[in-house]
$ cat query-v7.cif   # mmCIF, C-alpha atoms
data_protein
loop_
_atom_site.label_atom_id
_atom_site.label_comp_id
_atom_site.auth_asym_id
_atom_site.auth_seq_id
_atom_site.Cartn_x
_atom_site.Cartn_y
_atom_site.Cartn_z
CA MET D 1 6.00 -5.29 -25.31
CA ALA D 2 2.88 -3.23 -25.28
CA GLU D 3 1.81 -4.73 -28.52
CA GLU D 4 2.32 -8.15 -27.25
CA GLU D 5 0.23 -7.54 -24.22
CA ASN D 6 -2.40 -6.03 -26.29
CA GLN D 7 -2.50 -9.06 -28.40
CA ASN D 8 -2.61 -11.37 -25.48
CA GLU D 9 -5.51 -9.50 -24.11
CA LEU D 10 -7.30 -9.84 -27.31
CA VAL D 11 -6.71 -13.51 -27.39
CA ALA D 12 -7.84 -13.91 -23.86
CA ASP D 13 -11.02 -12.09 -24.57
CA ILE D 14 -11.81 -14.22 -27.48
CA ALA D 15 -10.74 -17.58 -26.23
CA PRO D 16 -13.84 -19.44 -25.13
CA PHE D 17 -12.50 -21.44 -22.26
CA ASP D 18 -11.44 -18.77 -19.82
CA PRO D 19 -14.31 -16.72 -18.64
CA THR D 20 -12.33 -15.03 -15.91
CA LYS D 21 -10.33 -12.00 -16.77
CA LYS D 22 -7.45 -12.44 -14.38
CA LYS D 23 -4.21 -14.01 -15.46
CA LYS D 24 -5.03 -13.74 -19.07
CA LYS D 25 -1.45 -13.88 -20.09
CA LYS D 26 -0.77 -17.12 -18.40
CA LYS D 27 -3.85 -18.69 -19.75
CA VAL D 28 -2.89 -17.98 -23.24
CA VAL D 29 0.56 -19.28 -22.78
CA ILE D 30 -0.43 -22.41 -20.99
CA GLN D 31 -2.64 -23.86 -23.64
CA ASP D 32 -1.04 -27.16 -24.26
CA PRO D 33 -0.14 -27.63 -27.84
CA ALA D 34 0.40 -31.35 -27.46
CA ASP D 35 -3.09 -32.52 -26.61
CA ASP D 36 -5.41 -30.50 -28.71
CA SER D 37 -3.08 -29.00 -31.17
CA VAL D 38 -5.68 -28.88 -33.85
CA ASP D 39 -8.12 -26.97 -31.74
CA SER D 40 -5.63 -24.51 -30.45
CA LEU D 41 -4.23 -24.02 -33.89
CA ALA D 42 -7.62 -23.27 -35.22
CA GLU D 43 -8.17 -20.86 -32.42
CA LYS D 44 -4.87 -19.21 -32.96
CA THR D 45 -5.55 -18.59 -36.53
CA GLU D 46 -8.91 -17.25 -35.63
CA ASN D 47 -7.44 -14.95 -33.05
CA LEU D 48 -4.79 -13.73 -35.33
CA SER D 49 -7.17 -12.90 -38.04
CA VAL D 50 -9.42 -11.05 -35.68
CA SER D 51 -6.66 -9.09 -34.11
CA GLU D 52 -5.23 -8.19 -37.43
CA GLY D 53 -8.55 -6.98 -38.47
CA LEU D 54 -8.60 -4.73 -35.49
CA GLU D 55 -5.15 -3.34 -35.77
CA ALA D 56 -3.66 -3.91 -39.11
CA THR D 57 -0.60 -1.82 -38.48
CA PHE D 58 1.21 -4.22 -36.19
CA SER D 59 2.39 -6.71 -38.67
CA GLY D 60 5.37 -8.09 -36.79
CA LYS D 61 3.25 -9.46 -34.05
CA LYS D 62 2.75 -12.90 -35.38
CA LYS D 63 6.39 -13.72 -35.27
CA LYS D 64 6.79 -12.27 -31.87
CA LYS D 65 4.02 -14.24 -30.36
CA LYS D 66 4.95 -17.71 -31.40
CA PRO D 67 8.35 -17.93 -29.68
CA ALA D 68 6.88 -16.40 -26.60
CA HIS D 69 4.55 -19.34 -26.46
CA SER D 70 7.21 -21.93 -26.60
CA ASP D 71 9.72 -20.62 -24.14
CA LEU D 72 7.32 -19.25 -21.65
CA LEU D 73 5.68 -22.59 -21.44
CA SER D 74 8.26 -24.17 -19.20
CA ASP D 75 8.62 -21.50 -16.58
CA GLU D 76 4.99 -20.61 -16.52
CA LYS D 77 4.24 -24.01 -15.18
CA GLU D 78 6.66 -23.49 -12.35
CA SER D 79 5.28 -20.20 -11.40
CA VAL D 80 1.80 -21.58 -11.28
CA GLY D 81 3.03 -24.24 -8.94
CA GLU D 82 4.54 -21.64 -6.70
CA GLU D 83 1.42 -19.69 -6.45
CA VAL D 84 -0.41 -22.71 -5.35
CA ASP D 85 2.23 -23.30 -2.75
CA ASP D 86 1.44 -20.00 -1.18
CA GLN D 87 -2.12 -20.96 -1.02
CA PRO D 88 -2.75 -22.16 2.53
CA GLY D 89 -1.60 -18.85 3.92
CA ASP D 90 -3.27 -16.58 1.47
CA ASP D 91 -6.75 -17.70 0.81
CA GLU D 92 -7.97 -15.02 -1.43
CA GLU D 93 -5.40 -15.28 -4.15
CA ALA D 94 -5.31 -18.94 -4.67
CA GLY D 95 -8.99 -19.24 -5.28
CA GLU D 96 -8.93 -17.73 -8.68
CA ILE D 97 -5.81 -19.36 -9.90
CA VAL D 98 -6.77 -22.92 -9.41
CA LEU D 99 -10.26 -22.16 -10.44
CA GLN D 100 -9.16 -21.28 -13.86
CA GLN D 101 -6.91 -24.16 -14.57
CA LEU D 102 -5.47 -27.04 -12.68
CA PRO D 103 -1.74 -26.65 -12.66
CA TRP D 104 -0.97 -30.17 -13.67
CA GLU D 105 -3.21 -30.13 -16.64
CA GLY D 106 -1.36 -30.80 -19.83
CA THR D 107 1.61 -32.39 -18.14
CA ASP D 108 2.08 -35.93 -16.99
CA ARG D 109 3.76 -35.11 -13.71
CA ASP D 110 2.38 -36.15 -10.37
CA TYR D 111 0.03 -33.97 -8.42
CA GLU D 112 1.53 -32.13 -5.55
CA TYR D 113 0.00 -31.91 -2.15
CA GLU D 114 -0.45 -28.19 -2.23
CA GLU D 115 -2.16 -28.29 -5.56
CA LEU D 116 -4.60 -30.88 -4.46
CA LEU D 117 -5.22 -28.98 -1.28
CA GLY D 118 -5.90 -25.92 -3.33
CA ARG D 119 -8.31 -27.85 -5.46
CA VAL D 120 -10.22 -29.09 -2.44
CA PHE D 121 -10.47 -25.62 -1.03
CA ASN D 122 -11.63 -24.40 -4.33
CA ILE D 123 -14.41 -26.86 -4.63
CA LEU D 124 -15.39 -26.22 -1.06
CA ARG D 125 -15.48 -22.53 -1.66
CA GLU D 126 -17.55 -22.93 -4.73
CA ASN D 127 -20.15 -25.13 -3.16
CA ASN D 128 -20.51 -23.66 0.28
CA PRO D 129 -18.34 -20.65 0.81
CA GLU D 130 -19.08 -20.22 4.52
CA LEU D 131 -17.26 -23.44 5.37
CA ALA D 132 -14.02 -22.53 3.70
CA GLY D 133 -13.30 -19.76 6.14
CA ASP D 134 -13.40 -17.21 3.44
CA ARG D 135 -12.57 -13.92 4.98
CA ARG D 136 -15.28 -11.40 4.72
CA ARG D 137 -14.02 -8.09 3.62
CA THR D 138 -14.70 -5.23 5.88
CA VAL D 139 -15.77 -2.47 3.67
CA MET D 140 -15.24 1.01 4.89
CA ARG D 141 -17.37 3.63 3.41
CA PRO D 142 -15.54 6.46 1.75
CA PRO D 143 -15.14 9.54 3.89
CA GLN D 144 -17.67 12.25 3.29
CA VAL D 145 -16.06 15.59 3.39
CA LEU D 146 -17.61 19.01 3.26
CA ARG D 147 -16.06 22.39 3.18
CA GLU D 148 -17.05 24.77 5.90
CA GLY D 149 -16.29 28.21 4.69
CA THR D 150 -13.02 28.24 2.86
CA LYS D 151 -10.62 27.30 5.58
CA LYS D 152 -12.26 24.46 7.41
CA THR D 153 -13.10 20.96 6.36
CA VAL D 154 -15.83 18.88 7.92
CA PHE D 155 -15.47 15.14 8.04
CA VAL D 156 -19.08 14.04 8.21
CA ASN D 157 -19.06 10.31 8.74
CA PHE D 158 -16.13 10.35 11.08
CA MET D 159 -18.04 8.60 13.85
CA ASP D 160 -19.30 5.97 11.47
CA LEU D 161 -15.83 5.12 10.36
CA CYS D 162 -14.56 4.99 13.91
CA LYS D 163 -17.32 2.53 14.69
CA THR D 164 -16.49 0.31 11.74
CA MET D 165 -12.88 0.27 12.81
CA HIS D 166 -13.80 -0.20 16.50
CA ARG D 167 -11.54 2.57 17.56
CA GLN D 168 -11.89 5.45 19.94
CA PRO D 169 -12.74 8.59 18.04
CA GLU D 170 -10.15 10.46 20.06
CA HIS D 171 -7.43 8.16 18.93
CA VAL D 172 -8.40 8.41 15.29
CA MET D 173 -8.71 12.12 15.63
CA THR D 174 -5.27 12.60 17.11
CA PHE D 175 -3.81 10.50 14.36
CA LEU D 176 -5.58 12.43 11.63
CA LEU D 177 -4.62 15.76 13.07
CA ALA D 178 -1.04 14.73 13.64
CA GLU D 179 -0.69 13.47 10.11
CA MET D 180 -2.22 16.53 8.59
CA GLY D 181 -0.33 18.84 10.83
CA THR D 182 -3.34 20.92 11.69
CA SER D 183 -5.79 21.35 14.49
CA GLY D 184 -9.41 20.41 14.70
CA SER D 185 -12.20 19.30 16.95
CA LEU D 186 -15.44 17.42 17.13
CA ASP D 187 -18.52 19.53 16.71
CA GLY D 188 -22.04 19.15 18.11
CA GLN D 189 -23.14 16.45 15.70
CA GLN D 190 -19.98 14.47 16.27
CA ARG D 191 -18.43 15.52 13.04
CA LEU D 192 -14.79 16.30 12.82
CA VAL D 193 -13.96 19.84 11.90
CA ILE D 194 -10.44 20.32 10.66
CA LYS D 195 -8.62 23.49 9.93
CA GLY D 196 -7.31 23.58 6.41
CA ARG D 197 -8.55 22.43 3.05
CA PHE D 198 -8.47 18.74 2.37
CA ALA D 199 -9.93 16.58 -0.34
CA PRO D 200 -11.69 13.29 0.42
CA LYS D 201 -8.81 11.54 -1.26
CA ASN D 202 -6.42 12.88 1.33
CA PHE D 203 -8.55 11.53 4.11
CA GLU D 204 -8.68 8.20 2.43
CA GLY D 205 -4.93 7.92 2.26
CA ILE D 206 -4.49 8.82 5.88
CA LEU D 207 -7.24 6.49 7.02
CA ARG D 208 -5.68 3.71 5.07
CA ARG D 209 -2.44 4.30 6.87
CA TYR D 210 -4.27 4.40 10.15
CA VAL D 211 -5.92 1.08 9.46
CA ASN D 212 -2.63 -0.48 8.50
CA GLU D 213 -0.92 0.69 11.63
CA TYR D 214 -3.55 0.55 14.28
CA VAL D 215 -6.28 -1.79 13.13
CA ILE D 216 -5.05 -4.62 10.97
CA CYS D 217 -3.51 -7.58 12.74
CA ASN D 218 -0.10 -8.35 11.40
CA GLY D 219 -0.45 -12.07 11.70
CA CYS D 220 -3.79 -12.79 10.14
CA LYS D 221 -4.67 -9.45 8.53
CA SER D 222 -8.02 -9.40 10.22
CA PRO D 223 -9.40 -6.06 11.28
CA ASP D 224 -10.98 -7.66 14.32
CA THR D 225 -8.61 -6.20 16.86
CA ILE D 226 -8.66 -4.32 20.10
CA LEU D 227 -6.44 -1.41 20.92
CA SER D 228 -5.69 -1.09 24.58
CA LYS D 229 -3.47 1.13 26.61
CA GLU D 230 -1.25 -0.42 29.21
CA ASN D 231 0.90 1.90 31.20
CA ARG D 232 1.36 4.52 28.54
CA LEU D 233 1.89 2.10 25.70
CA PHE D 234 -0.66 1.11 23.15
CA PHE D 235 -1.08 -2.55 22.40
CA LEU D 236 -3.04 -4.17 19.65
CA ARG D 237 -4.62 -7.52 20.35
CA CYS D 238 -6.14 -9.61 17.62
CA GLU D 239 -9.47 -11.21 18.39
CA LYS D 240 -9.12 -13.78 15.67
CA CYS D 241 -5.70 -15.25 16.21
CA GLY D 242 -4.88 -13.88 19.63
CA SER D 243 -1.63 -12.30 18.64
CA GLY D 244 -0.62 -8.99 20.03
CA ARG D 245 1.78 -6.28 19.16
CA SER D 246 2.70 -2.87 20.33
CA VAL D 247 1.94 0.08 18.18
CA ALA D 248 3.77 3.31 17.97
CA PRO D 249 2.39 6.23 19.89
CA ILE D 250 1.03 9.06 17.85
CA LYS D 251 3.42 11.90 17.74
CA ALA D 252 2.64 15.15 16.11
CA GLY D 253 6.23 15.94 15.35
CA PHE D 254 7.36 19.31 14.30
CA VAL D 255 4.63 21.78 13.53
CA ALA D 256 5.79 25.03 12.14
CA ARG D 257 4.12 28.23 13.06
CA VAL D 258 2.10 29.42 10.17
CA GLY D 259 -0.09 32.44 9.93
CA ARG D 260 1.06 35.07 12.31
CA ARG D 261 4.71 35.64 12.79
CA LYS D 262 6.51 33.38 15.11
CA ALA D 263 6.32 34.45 18.67
CA GLY D 264 8.02 31.79 20.79
CA THR D 265 9.62 29.19 18.66
CA MET I 266 6.51 5.43 13.47
CA SER I 267 6.18 1.70 13.92
CA ASP I 268 7.77 -0.64 11.52
CA LEU I 269 5.07 -2.99 10.41
CA ASP I 270 7.14 -5.65 8.81
CA VAL I 271 9.11 -6.58 11.84
CA GLN I 272 6.58 -8.95 13.34
CA ILE I 273 6.40 -11.27 10.40
CA PRO I 274 8.03 -14.50 11.46
CA THR I 275 10.54 -15.11 8.75
CA ALA I 276 14.26 -15.42 8.56
CA PHE I 277 14.37 -11.75 9.27
CA ASP I 278 16.95 -10.76 11.80
CA PRO I 279 15.26 -8.39 14.18
CA PHE I 280 18.51 -6.92 15.35
CA ALA I 281 19.98 -6.27 11.97
CA GLU I 282 18.50 -2.84 11.77
CA ALA I 283 19.42 -1.88 15.28
CA ASN I 284 22.98 -3.00 14.79
CA ALA I 285 23.34 -1.37 11.43
CA ASP I 286 22.75 2.15 12.60
CA ASN I 287 23.36 2.36 16.28
CA SER I 288 24.12 6.02 16.05
CA GLY I 289 20.46 7.02 16.12
CA ALA I 290 18.75 6.94 19.45
CA GLY I 291 16.57 3.84 19.29
CA SER I 292 13.47 4.32 17.21
CA LYS I 293 14.27 7.89 16.43
CA ASP I 294 16.19 7.08 13.31
CA TYR I 295 13.28 7.82 11.05
CA VAL I 296 13.35 10.90 8.96
CA HIS I 297 9.94 12.45 8.95
CA ILE I 298 8.85 14.51 6.04
CA ARG I 299 5.70 16.41 6.77
CA ILE I 300 3.55 18.88 5.04
CA GLN I 301 1.64 21.71 6.49
CA GLN I 302 -0.98 23.84 4.90
CA ARG I 303 -0.68 27.53 4.86
CA ASN I 304 -3.10 30.07 3.64
CA GLY I 305 -4.45 29.59 0.19
CA ARG I 306 -2.85 26.81 -1.73
CA LYS I 307 0.50 27.34 -0.17
CA SER I 308 2.18 24.75 1.90
CA LEU I 309 5.29 24.05 3.86
CA THR I 310 7.44 20.96 3.95
CA THR I 311 9.36 20.06 7.05
CA VAL I 312 12.15 17.53 7.29
CA GLN I 313 12.80 16.27 10.75
CA GLY I 314 15.13 13.69 12.17
CA LEU I 315 18.18 13.83 9.95
CA LYS I 316 21.30 12.64 11.64
CA LYS I 317 23.08 15.14 13.76
CA GLU I 318 26.35 14.66 11.97
CA PHE I 319 25.09 16.23 8.80
CA SER I 320 25.47 19.86 8.19
CA TYR I 321 21.90 21.02 7.94
CA ASN I 322 22.82 24.22 6.27
CA LYS I 323 24.65 22.49 3.49
CA ILE I 324 21.80 20.09 2.87
CA LEU I 325 19.39 22.96 2.91
CA LYS I 326 21.44 24.87 0.43
CA ASP I 327 21.36 21.99 -2.00
CA LEU I 328 17.69 21.38 -1.45
CA LYS I 329 16.92 24.98 -2.14
CA LYS I 330 19.00 24.97 -5.25
CA GLU I 331 17.52 21.72 -6.48
CA PHE I 332 13.87 22.57 -5.99
CA CYS I 333 14.12 26.28 -6.58
CA CYS I 334 12.42 27.15 -3.36
CA ASN I 335 13.34 28.92 -0.22
CA GLY I 336 13.80 27.32 3.11
CA THR I 337 15.36 27.55 6.48
CA VAL I 338 16.67 25.53 9.36
CA VAL I 339 14.57 25.93 12.45
CA GLN I 340 15.83 25.20 15.91
CA ASP I 341 13.17 23.39 17.86
CA PRO I 342 13.55 22.98 21.62
CA GLU I 343 12.51 19.32 21.56
CA LEU I 344 13.22 18.04 18.13
CA GLY I 345 16.46 19.76 17.43
CA GLN I 346 16.97 21.18 14.01
CA VAL I 347 14.28 20.96 11.41
CA ILE I 348 14.52 21.89 7.78
CA GLN I 349 11.64 23.88 6.40
CA LEU I 350 11.01 24.32 2.73
CA GLN I 351 8.45 26.28 0.88
CA GLY I 352 5.89 24.39 -1.09
CA ASP I 353 4.98 20.74 -1.24
CA GLN I 354 8.41 19.17 -1.70
CA ARG I 355 7.77 15.86 -0.01
CA LYS I 356 8.44 13.66 -3.02
CA ASN I 357 11.37 15.77 -4.09
CA VAL I 358 12.95 15.74 -0.70
CA SER I 359 12.64 12.02 -0.25
CA THR I 360 14.12 11.24 -3.64
CA PHE I 361 16.87 13.74 -3.06
CA LEU I 362 17.81 12.34 0.32
CA VAL I 363 17.86 8.83 -1.01
CA GLN I 364 19.88 9.72 -4.03
CA ALA I 365 22.39 11.69 -2.08
CA GLY I 366 22.80 8.72 0.22
CA ILE I 367 21.91 10.68 3.29
CA VAL I 368 19.06 8.42 4.36
CA LYS I 369 17.95 5.00 3.30
CA LYS I 370 14.62 4.74 1.67
CA GLU I 371 13.07 2.63 4.40
CA HIS I 372 14.00 5.19 7.00
CA ILE I 373 11.97 7.94 5.43
CA LYS I 374 8.43 8.50 6.55
CA ILE I 375 6.28 10.77 4.52
CA HIS I 376 3.36 12.16 6.42
CA GLY I 377 0.42 14.15 5.34
CA PHE I 378 -2.22 13.33 2.82
#
$ encode --input "query-v7.cif" --output "C-alpha cells"
Amino acid sequence: MAEEENQNELVADIAPFDPTKKKKKKKVVIQDPADDSVDSLAEKTENLSVSEGLEATFSGKKKKKKPAHSDLLSDEKESVGEEVDDQPGDDEEAGEIVLQQLPWEGTDRDYEYEELLGRVFNILRENNPELAGDRRRTVMRPPQVLREGTKKTVFVNFMDLCKTMHRQPEHVMTFLLAEMGTSGSLDGQQRLVIKGRFAPKNFEGILRRYVNEYVICNGCKSPDTILSKENRLFFLRCEKCGSGRSVAPIKAGFVARVGRRKAGT
Amino acid sequence: MSDLDVQIPTAFDPFAEANADNSGAGSKDYVHIRIQQRNGRKSLTTVQGLKKEFSYNKILKDLKKEFCCNGTVVQDPELGQVIQLQGDQRKNVSTFLVQAGIVKKEHIKIHGF
C-alpha cells in the first residue's frame, strides 16, 4: 500500500496537468483512458521509467498499479460527485475539488445541478473572491509562554488572544485554570501567571478546545459570536446567522490537594 | 461539559442519549479524567464521575495493576468518590475504561493539556 501511494505521489508530481497538490490520488486515477489514450499512455510510460529510476527495488509495482486504475475508475467518479454535493454547505472544501477537474469530464453523463453550481462558485471565487462569501479565516496568534522561575508560567499575549476571540479575560482565565487544574492570576501588565510548568503546546490545545466550545458557532462555524450570561446560564449568540445555543458552565471539578499534606479533604 | 454535536440539525434523536442511560443524573454522566501537576515532573490523574454502581476499589485495583502505579479512592464532599492515580495516566485510563466496558468512549472527557 505504501509503495502504491508513493508511486501515485510520484506520478502526481510529474504529471503536467495538475498543478495542485491535493487529491493527487484521485487525479491520477481519473485520467480518462478513452479520450487521450495515447497521451496518457505516453505519460504512464514516462512516469514508470522515472519512478523506476528512483527506486529500482520495487519491481512489482507496475502490475499493482494498472488494475488499481481500472477498478477505481468507477467509484472514484461517484465519490467526486458526492463531494460536490456537499458543496453548498461547505465552501472551503469544494473550491479545490472542482477547480482541479470538472467531475463530468471524461464521461458522457449529464451535468448535475450541484456540479454546475460548484463550477459557478468556483469561477466566481477565482475572479472576485469577495463576492463569493468566502469565509475569512480568523487567525489566532500562537500563545507566547515564558517561564517565571521554575514553578510558574507566564502567558504573555493572553489579553491579545482574548481580544481576538472577543471574550472576557476572566472567562478565558477560569476555563484555562479549570482545565489545567491549577491556580493563577493576572499580573500588572495583564499577563496571565499560572502555577505549574506548561509548554506553549499545552496552551494551544486548551485554547483550541475553548474556541470550539465557547466561540465557534455550531451552525455556521463563524467565530463572530457573543457570549452572554442570562440568569446564571451562559448563552452563545452568533452574529452571522443569529443562532444561539447554551454553553456549559465552567466547572473546575475535582482538584486534589498537592504539596502539603491534606488538611481538610 | 457540553456536547457540541447535539445542535446539528440532522436525523439525530436528541433524546436517544438521555433515554439510553437514565441512571446518571442529567448531564452528569460524563466521566472526567483530569491531570494535575505536582512538584517536578510528577503528576496526578483523577477520574471523576464513574457510575455509583461500580465498585471503585475493584476498578482501582485493576488500574493500579495495569499501569503499575499507585492510586487511591478519595471521598470528596461534593463530587463523591474520585479515583486518583499517580502519573499521567489519562490515555491509559480512558482506553482501559472503554475496553472494560465501564464507560462509552463518548462519555469520557479528558481534561488538561
$ residues_around --input "query-v7.cif" --residues "D:Phe175" --least-positions-apart "2" --cutoff "10 Å" --atoms "only C-alpha atoms" --output "NGL selection string"
:D and (169-173 or 177-181 or 206-207 or 209-210 or 214 or 249-252)
$ atom_distance --input "query-v7.cif" --atom1 "atom CA of I:His376" --atom2 "atom CA of I:Gln351"
16.0 Å
$ closest_residue --input "query-v7.cif" --among "I:Glu371, I:Val358, I:Val338, I:Phe378" --to "chain D" --atoms "all atoms listed in the file"
I:Phe378
$ atom_distance --input "query-v7.cif" --atom1 "atom CA of D:Cys162" --atom2 "atom CA of D:Ala199"
18.9 Å
$ closest_residue --input "query-v7.cif" --among "D:Gln168, D:Gln144, D:Ser243, D:Ser185" --to "chain I" --atoms "only C-alpha atoms"
D:Ser243
$ decode --input "query-v7.cif" --residues "stretch 304-324 of chain I" --atoms "N, CA, C and O atoms" --output "PDB file, in the first residue's frame"
ATOM      1  N   ASN I 304       4.918  18.586  42.094  1.00  0.00           N
ATOM      2  CA  ASN I 304       6.246  19.183  42.003  1.00  0.00           C
ATOM      3  C   ASN I 304       7.133  18.387  41.067  1.00  0.00           C
ATOM      4  O   ASN I 304       7.005  17.170  40.946  1.00  0.00           O
ATOM      5  N   GLY I 305       7.993  19.127  40.396  1.00  0.00           N
ATOM      6  CA  GLY I 305       8.877  18.472  39.442  1.00  0.00           C
ATOM      7  C   GLY I 305       8.093  18.021  38.247  1.00  0.00           C
ATOM      8  O   GLY I 305       7.159  18.677  37.824  1.00  0.00           O
ATOM      9  N   ARG I 306       8.462  16.906  37.692  1.00  0.00           N
ATOM     10  CA  ARG I 306       7.707  16.421  36.544  1.00  0.00           C
ATOM     11  C   ARG I 306       6.715  15.336  36.937  1.00  0.00           C
ATOM     12  O   ARG I 306       6.364  14.476  36.155  1.00  0.00           O
ATOM     13  N   LYS I 307       6.291  15.414  38.147  1.00  0.00           N
ATOM     14  CA  LYS I 307       5.311  14.440  38.607  1.00  0.00           C
ATOM     15  C   LYS I 307       3.917  14.963  38.328  1.00  0.00           C
ATOM     16  O   LYS I 307       3.691  16.158  38.224  1.00  0.00           O
ATOM     17  N   SER I 308       3.011  14.055  38.220  1.00  0.00           N
ATOM     18  CA  SER I 308       1.639  14.482  38.011  1.00  0.00           C
ATOM     19  C   SER I 308       0.693  13.452  38.611  1.00  0.00           C
ATOM     20  O   SER I 308       1.103  12.377  39.059  1.00  0.00           O
ATOM     21  N   LEU I 309      -0.567  13.841  38.566  1.00  0.00           N
ATOM     22  CA  LEU I 309      -1.596  13.062  39.232  1.00  0.00           C
ATOM     23  C   LEU I 309      -2.774  12.982  38.282  1.00  0.00           C
ATOM     24  O   LEU I 309      -3.145  13.968  37.671  1.00  0.00           O
ATOM     25  N   THR I 310      -3.350  11.819  38.146  1.00  0.00           N
ATOM     26  CA  THR I 310      -4.517  11.692  37.286  1.00  0.00           C
ATOM     27  C   THR I 310      -5.744  11.426  38.156  1.00  0.00           C
ATOM     28  O   THR I 310      -5.682  10.577  39.044  1.00  0.00           O
ATOM     29  N   THR I 311      -6.792  12.147  37.904  1.00  0.00           N
ATOM     30  CA  THR I 311      -8.006  11.911  38.668  1.00  0.00           C
ATOM     31  C   THR I 311      -9.128  11.493  37.732  1.00  0.00           C
ATOM     32  O   THR I 311      -9.264  12.013  36.638  1.00  0.00           O
ATOM     33  N   VAL I 312      -9.880  10.520  38.182  1.00  0.00           N
ATOM     34  CA  VAL I 312     -11.020  10.030  37.411  1.00  0.00           C
ATOM     35  C   VAL I 312     -12.270  10.296  38.230  1.00  0.00           C
ATOM     36  O   VAL I 312     -12.405   9.802  39.339  1.00  0.00           O
ATOM     37  N   GLN I 313     -13.150  11.083  37.635  1.00  0.00           N
ATOM     38  CA  GLN I 313     -14.302  11.525  38.394  1.00  0.00           C
ATOM     39  C   GLN I 313     -15.569  11.246  37.598  1.00  0.00           C
ATOM     40  O   GLN I 313     -15.587  11.412  36.382  1.00  0.00           O
ATOM     41  N   GLY I 314     -16.582  10.796  38.275  1.00  0.00           N
ATOM     42  CA  GLY I 314     -17.878  10.680  37.619  1.00  0.00           C
ATOM     43  C   GLY I 314     -18.216   9.286  37.130  1.00  0.00           C
ATOM     44  O   GLY I 314     -19.116   9.127  36.331  1.00  0.00           O
ATOM     45  N   LEU I 315     -17.514   8.288  37.600  1.00  0.00           N
ATOM     46  CA  LEU I 315     -17.914   6.929  37.260  1.00  0.00           C
ATOM     47  C   LEU I 315     -19.241   6.623  37.945  1.00  0.00           C
ATOM     48  O   LEU I 315     -19.587   7.229  38.962  1.00  0.00           O
ATOM     49  N   LYS I 316     -19.947   5.705  37.377  1.00  0.00           N
ATOM     50  CA  LYS I 316     -21.266   5.409  37.940  1.00  0.00           C
ATOM     51  C   LYS I 316     -21.138   4.854  39.342  1.00  0.00           C
ATOM     52  O   LYS I 316     -20.187   4.149  39.676  1.00  0.00           O
ATOM     53  N   LYS I 317     -22.160   5.161  40.111  1.00  0.00           N
ATOM     54  CA  LYS I 317     -22.096   4.795  41.525  1.00  0.00           C
ATOM     55  C   LYS I 317     -22.140   3.276  41.727  1.00  0.00           C
ATOM     56  O   LYS I 317     -21.671   2.769  42.744  1.00  0.00           O
ATOM     57  N   GLU I 318     -22.710   2.599  40.745  1.00  0.00           N
ATOM     58  CA  GLU I 318     -22.881   1.165  40.950  1.00  0.00           C
ATOM     59  C   GLU I 318     -21.564   0.410  40.968  1.00  0.00           C
ATOM     60  O   GLU I 318     -21.470  -0.674  41.506  1.00  0.00           O
ATOM     61  N   PHE I 319     -20.566   1.002  40.331  1.00  0.00           N
ATOM     62  CA  PHE I 319     -19.303   0.285  40.230  1.00  0.00           C
ATOM     63  C   PHE I 319     -18.563   0.300  41.550  1.00  0.00           C
ATOM     64  O   PHE I 319     -18.646   1.265  42.320  1.00  0.00           O
ATOM     65  N   SER I 320     -17.847  -0.748  41.749  1.00  0.00           N
ATOM     66  CA  SER I 320     -17.018  -0.796  42.940  1.00  0.00           C
ATOM     67  C   SER I 320     -15.719  -0.083  42.625  1.00  0.00           C
ATOM     68  O   SER I 320     -14.913  -0.560  41.831  1.00  0.00           O
ATOM     69  N   TYR I 321     -15.555   1.068  43.213  1.00  0.00           N
ATOM     70  CA  TYR I 321     -14.384   1.884  42.893  1.00  0.00           C
ATOM     71  C   TYR I 321     -13.102   1.173  43.262  1.00  0.00           C
ATOM     72  O   TYR I 321     -12.102   1.274  42.570  1.00  0.00           O
ATOM     73  N   ASN I 322     -13.173   0.472  44.366  1.00  0.00           N
ATOM     74  CA  ASN I 322     -11.937  -0.166  44.819  1.00  0.00           C
ATOM     75  C   ASN I 322     -11.488  -1.252  43.863  1.00  0.00           C
ATOM     76  O   ASN I 322     -10.294  -1.426  43.631  1.00  0.00           O
ATOM     77  N   LYS I 323     -12.460  -1.945  43.289  1.00  0.00           N
ATOM     78  CA  LYS I 323     -12.070  -3.000  42.357  1.00  0.00           C
ATOM     79  C   LYS I 323     -11.489  -2.410  41.087  1.00  0.00           C
ATOM     80  O   LYS I 323     -10.505  -2.905  40.537  1.00  0.00           O
ATOM     81  N   ILE I 324     -12.135  -1.354  40.608  1.00  0.00           N
ATOM     82  CA  ILE I 324     -11.604  -0.692  39.413  1.00  0.00           C
ATOM     83  C   ILE I 324     -10.198  -0.188  39.685  1.00  0.00           C
ATOM     84  O   ILE I 324      -9.281  -0.353  38.886  1.00  0.00           O
TER      85      ILE I 324
END
